[in-house]
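For reference, coords_30.txt (compact mmCIF, C-alpha atoms):
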```
# COMPACT_ATOMS: atom_id res chain seq x y z
CA PHE O 1313 0.00 0.00 0.00
CA PRO O 1314 1.22 3.58 -0.71
CA VAL O 1315 0.46 4.66 2.88
CA THR O 1316 3.01 2.20 4.24
CA ILE O 1317 5.67 3.51 1.87
CA ALA O 1318 4.90 7.10 2.88
CA LEU O 1319 5.21 6.25 6.58
CA GLU O 1320 8.56 4.57 5.98
CA GLN O 1321 9.86 7.64 4.11
CA GLY O 1322 8.82 9.96 6.93
CA VAL O 1323 7.04 13.28 7.15
CA LEU O 1324 8.76 16.54 6.24
CA MET O 1325 8.54 18.83 9.27
CA CYS O 1326 9.95 22.26 10.06
CA TYR O 1327 10.80 24.44 13.04
CA LEU O 1328 9.41 27.94 12.70
CA LYS O 1329 9.79 31.15 14.67
CA CYS O 1330 6.63 33.22 15.04
CA PRO O 1331 7.21 36.73 13.61
CA ASN O 1332 4.97 38.23 16.29
CA CYS O 1333 5.83 36.60 19.66
CA GLU O 1334 9.08 34.85 18.58
CA GLU O 1335 7.88 31.49 19.94
CA ILE O 1336 9.56 28.49 18.28
CA PHE O 1337 7.13 25.80 17.17
CA GLU O 1338 7.04 22.87 14.76
CA ARG O 1339 4.63 22.14 11.96
CA GLU O 1340 4.38 19.86 8.94
CA TYR O 1341 6.17 21.62 6.08
CA ARG O 1342 3.27 21.03 3.69
CA GLN O 1343 0.87 22.76 6.12
CA ALA O 1344 3.22 25.65 6.82
CA PHE O 1345 4.01 26.50 3.20
CA GLN O 1346 1.00 25.67 1.09
CA THR O 1347 0.68 26.74 -2.52
CA SER O 1348 -0.79 30.15 -1.70
CA VAL O 1349 1.82 32.82 -1.04
CA LYS O 1350 1.82 33.94 2.58
CA LYS O 1351 2.33 37.68 2.94
CA PHE O 1352 3.85 37.58 6.42
CA GLY O 1353 5.09 34.01 6.88
CA VAL O 1354 3.70 31.43 9.28
CA PHE O 1355 2.50 32.25 12.80
CA CYS O 1356 2.11 30.08 15.91
CA SER O 1357 -1.57 31.04 16.25
CA ARG O 1358 -4.36 32.97 14.59
CA SER O 1359 -4.12 35.49 17.41
CA CYS O 1360 -0.48 36.29 16.61
CA SER O 1361 -1.31 36.50 12.91
CA GLY O 1362 -4.08 39.01 13.60
CA LYS O 1363 -1.94 41.16 15.91
CA PHE O 1364 0.92 41.27 13.42
CA SER O 1365 -1.41 42.06 10.51
CA ARG O 1366 -3.18 44.83 12.45
CA TYR O 1367 0.13 46.42 13.44
CA GLU O 1368 1.17 46.40 9.77
CA GLN O 1369 -2.14 48.01 8.75
CA VAL O 1370 -1.72 50.84 11.26
CA HIS O 1371 2.06 51.45 11.16
CA GLY O 1372 3.18 49.95 7.86
CA LEU O 1373 5.79 47.26 7.37
CA THR O 1374 8.80 48.26 9.49
CA HIS O 1375 12.40 47.03 9.16
CA LYS O 1376 12.02 45.03 12.39
CA MET O 1377 8.92 43.30 11.00
CA LYS O 1378 10.74 42.42 7.75
CA GLU O 1379 13.57 40.86 9.79
CA ALA O 1380 11.10 38.83 11.84
CA ILE O 1381 9.46 37.53 8.64
CA SER O 1382 12.81 36.59 7.10
CA GLU O 1383 13.73 34.55 10.22
CA ASN O 1384 10.48 32.54 10.04
CA LEU O 1385 11.83 29.16 8.82
CA LEU O 1386 14.53 27.83 11.16
CA MET O 1387 15.02 24.22 10.03
CA LYS O 1388 13.48 21.48 7.87
CA PHE O 1389 13.70 17.83 8.95
CA LYS O 1390 12.12 14.45 8.30
CA ARG O 1391 10.38 12.60 11.09
CA SER O 1392 10.03 8.89 10.43
CA GLN O 1393 7.55 6.43 11.90
CA ASP O 1394 9.97 5.44 14.71
CA ASN O 1395 10.18 9.15 15.78
CA SER O 1396 13.77 9.56 14.58
CA GLU O 1397 14.68 12.87 12.97
CA GLU O 1398 16.92 13.63 10.00
CA THR O 1399 17.87 17.17 8.97
CA VAL O 1400 16.96 18.18 5.41
CA ASN O 1401 18.39 21.12 3.46
```

I'd like the structure from this file rewritten - as structure tokens, please.
Amino acid sequence: FPVTIALEQGVLMCYLKCPNCEEIFEREYRQAFQTSVKKFGVFCSRSCSGKFSRYEQVHGLTHKMKEAISENLLMKFKRSQDNSEETVN
């Protein structure tokens, strides 16, 4: 079955840093970077996304905000079925 093969290959995951609160969290890469272009990167919660977006609407996109967005993706890695991790470039 294809599902068994997929589980053996592992799931591509990533560590991300929230541009708003700077919390480090992990998410499946395919969920973090879907086909639609994200304007401000990926956030840890909808609340952080809303706060960041509102600040940008009121004050404009500042240099500090651009830096926070550029530091969004920290690391990609594969997590296999046995919970082992392998770093991916």

Residue nearest Met1387 in chain O - candidates O:Thr1399, O:Glu1340, O:Lys1351, O:Tyr1367, atoms counted: all atoms listed in the file: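 Among the listed residues, the smallest separation from Met1387 in chain O belongs to O:Thr1399.
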
With distances taken over only C-alpha atoms, which residue among O:Arg1342, O:Pro1331, O:Glu1368, O:Ile1336 lies nearest Val1354 in chain O?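 Of O:Arg1342, O:Pro1331, O:Glu1368, O:Ile1336, the one nearest Val1354 in chain O, counting only C-alpha atoms, is O:Pro1331.
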
Take CA of Glu1398 in chain O and CA of Met1325 in chain O and report the distance between them in Å, one decimal.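 Between CA of Glu1398 in chain O and CA of Met1325 in chain O the gap is 9.9 Å.
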
Excluding same-chain residues fewer than 2 positions from Glu1338 in chain O, what lies within 7 Å of it counting only C-alpha atoms, as a list in words? Met1325, Cys1326, Tyr1327 and Leu1328 of chain O

Between O:Cys1333, O:Met1377, O:Ala1344, O:Gly1372, which is the closest to Ser1359 in chain O once you count all atoms listed in the file?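 Looking at the shortest contact to Ser1359 in chain O, the residue is O:Cys1333.
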
Any idea what the distance is between CA of Leu1386 in chain O and CA of Lys1329 in chain O?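 That distance, rounded to one decimal, is 6.8 Å.
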
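Across the model, the gap from CA of Asn1332 in chain O to CA of Ser1357 in chain O is 9.7 Å.
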
Which one of O:Phe1352, O:Phe1345, O:Lys1390, O:Arg1366 sits closest to Lys1378 in chain O if you count only C-alpha atoms?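 Using only C-alpha atoms, the shortest distance to Lys1378 in chain O belongs to O:Phe1352.
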
Would you compute the box with edges along x, y and z of the file around range 1375-1383 of chain O, including every atom the file lists for it and 6 Å extra on each side, and give its centre and edge lengths in Å to one decimal, as lines of an AutoDock Vina configuration file?
```
center_x = 11.3
center_y = 40.8
center_z = 9.7
size_x = 16.8
size_y = 24.5
size_z = 17.3
```

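With all atoms listed in the file as the atoms that count, the residue of O:Cys1330, O:Lys1388, O:Gln1321, O:Tyr1341 with the shortest distance to Lys1363 in chain O is O:Cys1330.
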